[in-house]
>>> print(open('final-v1.cif').read())   # mmCIF, C-alpha atoms and all ligand atoms
data_upload
#
loop_
_atom_site.label_atom_id
_atom_site.label_comp_id
_atom_site.auth_asym_id
_atom_site.auth_seq_id
_atom_site.Cartn_x
_atom_site.Cartn_y
_atom_site.Cartn_z
CA MET A 27 87.29 89.94 88.52
CA ASN A 28 86.66 93.44 89.83
CA LEU A 29 85.46 95.36 86.78
CA SER A 30 86.20 98.79 88.24
CA GLN A 31 89.80 97.85 88.98
CA ALA A 32 90.15 96.39 85.49
CA LEU A 33 88.75 99.60 84.02
CA LEU A 34 91.36 101.62 85.91
CA ASN A 35 93.97 99.31 84.38
CA GLN A 36 92.60 100.35 80.97
CA ASN A 37 91.03 96.99 80.23
CA ARG A 38 88.70 97.59 77.26
CA LEU A 39 86.38 94.69 77.98
CA ALA A 40 85.79 95.94 81.52
CA LEU A 41 85.00 99.39 80.16
CA THR A 42 82.58 97.93 77.58
CA ARG A 43 80.77 95.93 80.25
CA LEU A 44 80.54 98.77 82.72
CA LEU A 45 79.27 101.15 80.03
CA THR A 46 76.35 98.76 79.50
CA GLN A 47 75.70 98.51 83.24
CA VAL A 48 75.76 102.26 83.61
CA GLU A 49 73.62 102.85 80.52
CA ASN A 50 71.00 100.51 81.99
CA ASN A 51 71.34 102.13 85.41
CA THR A 52 71.89 98.80 87.17
CA GLU A 53 72.99 98.28 90.76
CA GLN A 54 76.41 97.18 89.52
CA GLY A 55 76.69 100.26 87.34
CA ARG A 56 75.90 102.59 90.22
CA ALA A 57 78.36 100.79 92.49
CA ALA A 58 81.07 101.21 89.85
CA LEU A 59 80.36 104.93 89.48
CA ASN A 60 80.63 105.26 93.25
CA ALA A 61 83.94 103.40 93.39
CA LEU A 62 85.42 105.20 90.39
CA PHE A 63 84.41 108.73 91.36
CA PRO A 64 87.79 109.63 92.96
CA HIS A 65 89.42 108.88 89.60
CA THR A 66 87.26 111.30 87.61
CA GLY A 67 87.47 115.01 86.89
CA LYS A 68 90.45 115.09 84.53
CA ALA A 69 89.10 114.59 81.00
CA HIS A 70 88.19 117.36 78.57
CA LEU A 71 84.62 116.80 77.44
CA ILE A 72 83.81 118.12 73.97
CA GLY A 73 80.19 118.09 72.80
CA VAL A 74 79.48 118.07 69.07
CA THR A 75 75.91 118.80 68.09
CA GLY A 76 73.90 119.90 65.07
CA ALA A 77 71.34 118.76 62.54
CA PRO A 78 71.62 115.30 60.94
CA GLY A 79 73.87 115.21 57.88
CA THR A 80 75.95 118.27 58.73
CA GLY A 81 79.00 116.00 59.04
CA LYS A 82 79.31 115.61 62.81
CA SER A 83 80.49 112.01 62.71
CA THR A 84 83.06 112.79 60.02
CA LEU A 85 84.26 115.79 62.04
CA VAL A 86 84.50 113.80 65.27
CA ASN A 87 86.48 111.17 63.40
CA GLN A 88 88.90 113.83 62.14
CA LEU A 89 89.25 115.44 65.56
CA ALA A 90 90.04 112.05 67.07
CA LEU A 91 92.76 111.49 64.46
CA TYR A 92 94.09 115.00 65.13
CA TYR A 93 94.32 114.41 68.88
CA ARG A 94 96.04 111.07 68.35
CA LYS A 95 98.58 112.47 65.90
CA GLU A 96 99.28 115.94 67.27
CA HIS A 97 98.87 115.44 71.03
CA ASP A 98 99.06 111.68 71.61
CA PHE A 99 95.86 112.01 73.63
CA ARG A 100 93.75 109.00 74.46
CA VAL A 101 90.37 109.63 72.83
CA ALA A 102 86.89 108.30 73.61
CA ILE A 103 83.91 108.86 71.33
CA LEU A 104 80.33 108.57 72.53
CA ALA A 105 77.71 108.85 69.80
CA VAL A 106 74.28 109.55 71.28
CA ASP A 107 71.66 108.85 68.65
CA PRO A 108 68.29 107.87 70.06
CA SER A 109 66.75 108.19 66.60
CA SER A 110 68.30 104.95 65.38
CA PRO A 111 67.73 102.37 68.12
CA PHE A 112 68.08 99.38 65.78
CA THR A 113 71.35 100.22 64.13
CA GLY A 114 72.94 101.38 67.37
CA GLY A 115 73.45 104.74 65.75
CA ALA A 116 75.93 103.29 63.29
CA VAL A 117 75.23 105.28 60.15
CA LEU A 118 77.66 106.02 57.35
CA GLY A 119 79.87 108.42 59.27
CA ASP A 120 80.29 105.89 62.02
CA ARG A 121 81.39 103.16 59.63
CA VAL A 122 84.03 105.49 58.19
CA ARG A 123 85.04 106.27 61.76
CA MET A 124 85.38 102.61 62.63
CA ARG A 125 87.62 102.02 59.61
CA ASP A 126 89.96 104.96 60.28
CA LEU A 127 90.29 104.53 63.99
CA SER A 128 89.93 100.81 64.58
CA GLY A 129 93.07 99.07 65.71
CA ASP A 130 94.23 102.07 67.74
CA LYS A 131 94.02 100.90 71.33
CA ASN A 132 94.02 104.50 72.53
CA VAL A 133 90.70 105.17 70.83
CA PHE A 134 87.40 103.87 72.16
CA ILE A 135 84.11 104.27 70.26
CA ARG A 136 80.68 103.66 71.71
CA SER A 137 77.18 104.31 70.42
CA MET A 138 74.22 104.87 72.69
CA ALA A 139 70.84 104.34 71.09
CA SER A 140 68.56 104.19 74.09
CA ARG A 141 66.54 107.09 75.43
CA GLY A 142 68.37 106.68 78.69
CA SER A 143 66.92 105.21 81.85
CA LEU A 144 65.46 106.84 84.95
CA GLY A 145 67.56 109.96 85.03
CA GLY A 146 67.10 110.59 81.31
CA LEU A 147 69.48 110.82 78.40
CA ALA A 148 71.66 113.56 79.83
CA GLN A 149 72.22 111.68 83.08
CA SER A 150 73.08 108.43 81.27
CA THR A 151 75.49 110.34 79.06
CA SER A 152 77.05 112.02 82.07
CA ALA A 153 77.49 108.67 83.82
CA MET A 154 79.06 107.02 80.77
CA VAL A 155 81.41 109.97 80.39
CA GLN A 156 82.54 109.43 83.98
CA LEU A 157 83.61 105.90 83.10
CA PHE A 158 85.72 107.18 80.18
CA ASP A 159 87.16 109.80 82.48
CA ALA A 160 88.13 107.19 85.09
CA ALA A 161 89.57 105.01 82.32
CA ASN A 162 92.02 107.85 81.69
CA TYR A 163 90.83 109.17 78.33
CA ASP A 164 92.15 112.71 77.87
CA VAL A 165 89.47 113.82 75.46
CA ILE A 166 85.88 112.60 75.30
CA LEU A 167 83.95 113.56 72.17
CA VAL A 168 80.18 113.31 72.55
CA GLU A 169 78.18 113.49 69.32
CA THR A 170 74.48 114.29 69.64
CA VAL A 171 71.89 114.63 66.90
CA GLY A 172 69.36 117.39 66.58
CA ALA A 173 68.52 120.31 68.76
CA GLY A 174 65.98 119.17 71.33
CA GLN A 175 66.06 119.77 75.07
CA ALA A 176 68.01 116.53 75.59
CA GLU A 177 70.76 117.76 73.26
CA VAL A 178 70.90 121.10 75.04
CA ASP A 179 71.18 119.28 78.38
CA ILE A 180 73.99 117.11 77.05
CA ALA A 181 75.75 120.17 75.64
CA LYS A 182 75.67 121.68 79.12
CA LEU A 183 77.70 118.74 80.38
CA ALA A 184 80.50 119.51 77.96
CA HIS A 185 83.38 121.84 78.76
CA THR A 186 83.45 122.86 75.11
CA THR A 187 80.46 122.71 72.79
CA LEU A 188 80.80 122.69 69.01
CA VAL A 189 77.65 123.45 67.04
CA VAL A 190 77.98 122.17 63.48
CA GLU A 191 76.24 123.86 60.58
CA ALA A 192 76.46 123.19 56.86
CA PRO A 193 75.66 125.47 53.93
CA GLY A 194 72.55 124.82 51.94
CA LEU A 195 70.36 123.36 54.64
CA GLY A 196 67.77 126.00 53.86
CA ASP A 197 67.86 129.67 54.62
CA ASP A 198 67.12 129.25 58.29
CA ILE A 199 70.02 128.11 60.29
CA GLN A 200 68.60 125.07 62.04
CA ALA A 201 70.31 125.58 65.34
CA ILE A 202 69.17 129.13 65.85
CA LYS A 203 65.55 128.11 65.91
CA ALA A 204 66.14 125.79 68.82
CA GLY A 205 68.25 128.31 70.68
CA ILE A 206 71.20 125.95 70.46
CA LEU A 207 73.40 128.81 69.32
CA GLU A 208 73.42 130.02 72.91
CA ILE A 209 75.29 126.94 74.03
CA ALA A 210 77.88 127.07 71.24
CA ASP A 211 81.48 127.83 72.22
CA ILE A 212 82.63 127.27 68.67
CA LEU A 213 80.47 127.36 65.55
CA VAL A 214 81.72 125.03 62.87
CA ILE A 215 80.64 125.57 59.29
CA ASN A 216 81.39 122.17 57.85
CA LYS A 217 81.09 121.27 54.16
CA ALA A 218 82.84 124.54 53.38
CA ASP A 219 83.40 123.09 49.90
CA ARG A 220 79.68 123.55 49.24
CA PRO A 221 78.11 126.66 47.72
CA GLY A 222 76.49 129.05 50.16
CA VAL A 223 79.26 128.94 52.76
CA GLU A 224 79.62 132.75 52.75
CA HIS A 225 75.89 133.11 53.31
CA THR A 226 75.96 130.74 56.28
CA GLU A 227 79.00 132.48 57.72
CA ARG A 228 77.38 135.91 57.37
CA ALA A 229 74.20 134.67 59.03
CA LEU A 230 76.11 133.17 61.97
CA ASN A 231 78.31 136.23 62.38
CA GLY A 232 75.19 138.38 62.33
CA MET A 233 73.66 136.33 65.12
CA LEU A 234 76.86 136.56 67.15
CA GLU A 235 77.11 140.28 66.55
CA LEU A 236 73.66 140.65 68.14
CA SER A 237 74.40 138.57 71.21
CA HIS A 238 78.01 139.77 71.59
CA PRO A 239 78.19 143.40 70.39
CA THR A 240 81.83 143.62 71.45
CA ARG A 241 82.87 140.78 69.19
CA ARG A 242 85.06 142.55 66.68
CA ILE A 243 85.34 146.10 67.90
CA PHE A 244 85.34 147.52 71.39
CA GLN A 245 85.86 150.94 72.87
CA HIS A 246 89.26 151.55 74.42
CA HIS A 247 89.90 155.01 75.86
CA GLY A 248 87.22 156.32 73.58
CA ARG A 249 88.77 154.81 70.47
CA SER A 250 87.53 151.78 68.61
CA MET A 251 89.93 148.89 68.55
CA VAL A 252 89.84 145.71 66.59
CA ILE A 253 90.54 142.65 68.67
CA GLU A 254 93.28 140.42 67.39
CA GLU A 255 92.33 136.88 66.52
CA GLU A 256 93.98 135.42 69.63
CA LYS A 257 92.18 137.74 72.01
CA VAL A 258 88.69 136.58 71.32
CA TYR A 259 87.23 137.31 74.71
CA ASP A 260 86.01 140.72 75.71
CA GLN A 261 86.64 142.95 78.74
CA GLN A 262 84.01 141.15 80.85
CA ASN A 263 86.12 138.07 80.36
CA THR A 264 83.35 136.19 78.66
CA TRP A 265 84.07 133.84 75.81
CA ILE A 266 83.03 135.05 72.39
CA PRO A 267 82.19 132.08 70.18
CA GLU A 268 84.54 131.56 67.25
CA VAL A 269 83.33 130.63 63.78
CA LYS A 270 85.48 128.05 61.97
CA ARG A 271 85.19 126.59 58.48
CA THR A 272 85.97 122.93 57.90
CA ILE A 273 85.79 120.33 55.17
CA ALA A 274 85.71 117.31 57.43
CA LYS A 275 85.64 114.87 54.52
CA GLU A 276 89.09 116.11 53.45
CA GLY A 277 90.51 117.05 56.83
CA TYR A 278 90.61 120.72 55.93
CA GLY A 279 90.47 123.18 58.85
CA ILE A 280 90.74 120.48 61.51
CA ALA A 281 94.06 121.70 62.99
CA GLU A 282 92.67 125.26 63.16
CA LEU A 283 89.57 123.92 64.88
CA GLY A 284 91.79 122.01 67.30
CA GLU A 285 93.64 125.26 68.09
CA ALA A 286 90.35 127.09 68.69
CA ILE A 287 89.31 124.32 71.10
CA ALA A 288 92.66 124.69 72.89
CA ARG A 289 92.08 128.46 73.23
CA HIS A 290 88.70 127.73 74.76
CA VAL A 291 90.29 125.38 77.30
CA ASP A 292 92.83 128.10 78.18
CA PHE A 293 89.96 130.52 78.67
CA LEU A 294 88.09 128.05 80.91
CA ARG A 295 91.17 127.51 83.06
CA GLU A 296 92.22 131.16 83.29
CA SER A 297 88.75 132.49 84.04
CA ASP A 298 88.03 129.75 86.59
CA GLU A 299 85.04 128.83 84.45
CA TRP A 300 86.27 125.21 84.42
CA SER A 301 85.73 124.84 88.19
CA ARG A 302 82.41 126.65 88.03
CA GLN A 303 81.17 124.32 85.30
CA THR A 304 82.37 121.28 87.23
CA ARG A 305 80.58 122.47 90.33
CA THR A 306 77.31 123.02 88.46
CA GLN A 307 77.51 119.60 86.82
CA LEU A 308 78.16 117.84 90.09
CA GLN A 309 75.30 119.71 91.69
CA VAL A 310 72.94 118.60 88.92
CA THR A 311 74.07 115.00 89.40
CA PHE A 312 73.70 115.24 93.17
CA ASP A 313 70.25 116.86 93.02
CA THR A 314 68.99 114.42 90.39
CA LEU A 315 70.13 111.43 92.43
CA LEU A 316 68.64 112.83 95.59
CA ARG A 317 65.29 113.48 93.95
CA GLU A 318 65.24 110.10 92.22
CA THR A 319 66.26 108.17 95.31
CA LEU A 320 63.83 109.90 97.66
CA PHE A 321 60.97 109.51 95.19
CA ASN A 322 61.69 105.81 94.67
CA ARG A 323 62.08 105.17 98.37
CA PHE A 324 58.77 106.90 98.99
CA LEU A 325 57.02 104.85 96.29
CA ASP A 326 58.47 101.65 97.77
CA GLU A 327 56.77 102.47 101.08
CA LEU A 328 53.48 103.45 99.53
CA SER A 329 51.05 100.69 98.57
CA PRO A 330 50.10 100.83 94.88
CA GLN A 331 46.44 100.91 96.01
CA VAL A 332 46.95 104.06 98.07
CA TYR A 333 48.79 105.67 95.15
CA ALA A 334 46.01 104.73 92.70
CA ASP A 335 43.26 105.93 95.08
CA THR A 336 44.99 109.24 95.68
CA LEU A 337 45.49 109.77 91.97
CA SER A 338 41.83 109.11 91.20
CA GLN A 339 40.81 111.55 93.95
CA ILE A 340 43.00 114.15 92.30
CA VAL A 341 41.53 113.40 88.88
CA LYS A 342 38.01 113.76 90.32
CA ARG A 343 39.17 117.04 91.86
CA GLU A 344 38.22 115.83 95.33
CA GLU A 345 41.80 116.41 96.36
CA SER A 346 44.49 118.70 94.98
CA PRO A 347 48.01 117.49 94.11
CA TRP A 348 49.33 119.85 96.79
CA GLY A 349 46.99 118.62 99.50
CA ALA A 350 47.57 114.99 98.53
CA VAL A 351 51.33 115.27 98.86
CA GLU A 352 51.00 117.00 102.20
CA SER A 353 48.71 114.40 103.69
CA LEU A 354 50.71 111.48 102.26
CA LEU A 355 53.92 112.88 103.69
CA LYS A 356 52.26 113.27 107.11
CA THR A 357 51.53 109.57 107.28
CA PHE A 358 55.22 108.86 106.75
CA LEU A 359 56.71 111.26 109.23
N1 LIG B 1 80.91 117.81 50.71
C1 LIG B 1 81.18 117.44 51.95
N2 LIG B 1 80.60 116.36 52.49
C2 LIG B 1 80.89 116.03 53.76
C3 LIG B 1 81.78 116.78 54.54
N3 LIG B 1 81.85 116.22 55.76
C4 LIG B 1 81.04 115.14 55.74
N4 LIG B 1 80.46 115.01 54.52
C5 LIG B 1 79.50 113.98 54.09
O1 LIG B 1 78.22 114.27 54.64
C6 LIG B 1 77.52 113.05 54.90
C7 LIG B 1 77.04 113.04 56.35
O2 LIG B 1 78.15 112.97 57.19
P1 LIG B 1 78.06 112.48 58.71
O3 LIG B 1 79.39 112.70 59.31
O4 LIG B 1 77.47 111.11 58.80
O5 LIG B 1 77.00 113.53 59.29
P2 LIG B 1 76.22 113.55 60.70
O6 LIG B 1 74.85 113.01 60.44
O7 LIG B 1 76.15 114.98 61.09
O8 LIG B 1 76.99 112.72 61.66
C8 LIG B 1 78.48 111.92 54.57
O9 LIG B 1 78.19 111.47 53.28
C9 LIG B 1 79.83 112.60 54.60
O10 LIG B 1 80.78 111.97 53.77
C10 LIG B 1 82.40 117.93 53.95
O11 LIG B 1 83.18 118.67 54.57
N5 LIG B 1 82.06 118.22 52.67
MG MG B 2 76.51 111.10 62.93
#
>>> encode(input="final-v1.cif", output="structure tokens")
Amino acid sequence: MNLSQALLNQNRLALTRLLTQVENNTEQGRAALNALFPHTGKAHLIGVTGAPGTGKSTLVNQLALYYRKEHDFRVAILAVDPSSPFTGGAVLGDRVRMRDLSGDKNVFIRSMASRGSLGGLAQSTSAMVQLFDAANYDVILVETVGAGQAEVDIAKLAHTTLVVEAPGLGDDIQAIKAGILEIADILVINKADRPGVEHTERALNGMLELSHPTRRIFQHHGRSMVIEEEKVYDQQNTWIPEVKRTIAKEGYGIAELGEAIARHVDFLRESDEWSRQTRTQLQVTFDTLLRETLFNRFLDELSPQVYADTLSQIVKREESPWGAVESLLKTFL
């Protein structure tokens, strides 16, 4: 059976198998990505990131239910959690998710626990997302934990990035420290039933005020004007992140969040930002593949002895990395 063809026919087993191939960066996985590429480029990729315990899994679960009910979208969920390699990332939120969404053949849930192969976590994620895209999922929700460089890289893949905060996680807002606020299109204050929600909201608004001084008020013919809620982007046509409160556990604020996400999609389409993002992502994929392939091909040609000798010369400072590369390349040209 041709797995790629089966995937296009929305066969779940084929998708499951190819996801594993692609996650492990096998020959078969790469061949499938190549064959399926013409069928990609349609899905809306939503990244959901934030500190552990803020309620990301619960929120993703609720968003999936919302998209099923309100829009009849086909929804894929990819939970990237390298911190729990033995459980496959299936913590409490994921079990709840499984219960609510299992049995719906238009929902597909997958956990990724590995650090990702050669190209790294972001590249593995990107490749797995392409399979969901080809399999005709309208919305792909990618949940990532924490705020490291890998999470930032994954967030850059997404068309829309939600950064989830929760009140009472200490006075510092976790995400700000890691600079993850800069990648947020929508800031979600989940657990809005908890005390301290006003404090968190004030802190986030303060941060936004600094980075987007035009957020609430801008000058118009010398007069100050308050922007209406629907017109959340400024004159430069840049998106101003929205702040939304949710109680994911009870489904509160989910529809409003869904509407904010829809406004962001409208903005991406109208401002041509969607095509720009797509172009950048494809360039990253292309460059990464090129670098990886050339490097591997070069190593295949080079005897391990020559590599080891050169490295020890560099370590002894008899040769510089620059000089070594130059002379090695000469012998191959
Ligand atoms: N009080 C409250 N608890 C919530 C809310 N959303 C999720 N939780 C709980 O917070 C815990 C962590 O949720 P989870 O979705 O696994 O968080 P994640 O680690 O960010 O994926 C679970 O016990 C959830 O039931 C909420 O809006 N309010
Ligand atoms: Mg989770």
>>> residues_near_point(input="final-v1.cif", point="(90.5, 101.8, 78.1)", cutoff="6 Å", atoms="all atoms listed in the file", output="short mmCIF file (atom, residue, chain, number, x, y, z; two decimals) with C-alpha atoms, keeping the file's coordinate frame")
data_model
loop_
_atom_site.label_atom_id
_atom_site.label_comp_id
_atom_site.auth_asym_id
_atom_site.auth_seq_id
_atom_site.Cartn_x
_atom_site.Cartn_y
_atom_site.Cartn_z
CA GLN A 36 92.60 100.35 80.97
CA ASN A 37 91.03 96.99 80.23
CA ARG A 38 88.70 97.59 77.26
CA ALA A 161 89.57 105.01 82.32
#
>>> atom_distance(input="final-v1.cif", atom1="CA of Ser301 in chain A", atom2="CA of Met138 in chain A")
27.8 Å
>>> atom_distance(input="final-v1.cif", atom1="CA of Arg100 in chain A", atom2="CA of Ala184 in chain A")
17.3 Å
>>> residues_near_ligand(input="final-v1.cif", ligand="ligand LIG 1 (chain B)", cutoff="7 Å", atoms="all atoms listed in the file", output="PyMOL selection string")
chain A and resi 76-85+117-120+216-220+272-276
>>> closest_residue(input="final-v1.cif", among="A:Lys342, A:Ser137, A:Tyr333, A:Gly67", to="Arg305 in chain A", atoms="all atoms listed in the file")
A:Gly67
>>> closest_residue(input="final-v1.cif", among="A:Glu208, A:Ser353, A:Ala192, A:Thr319", to="Thr226 in chain A", atoms="only C-alpha atoms")
A:Ala192
>>> atom_distance(input="final-v1.cif", atom1="CA of Ala350 in chain A", atom2="CA of Glu327 in chain A")
15.7 Å
>>> closest_residue(input="final-v1.cif", among="A:Thr186, A:Asn87, A:Thr42, A:Gln31", to="Gly277 in chain A", atoms="all atoms listed in the file")
A:Asn87
>>> closest_residue(input="final-v1.cif", among="A:Pro330, A:Gly222, A:Gly73, A:Gly349", to="Ala148 in chain A", atoms="all atoms listed in the file")
A:Gly73
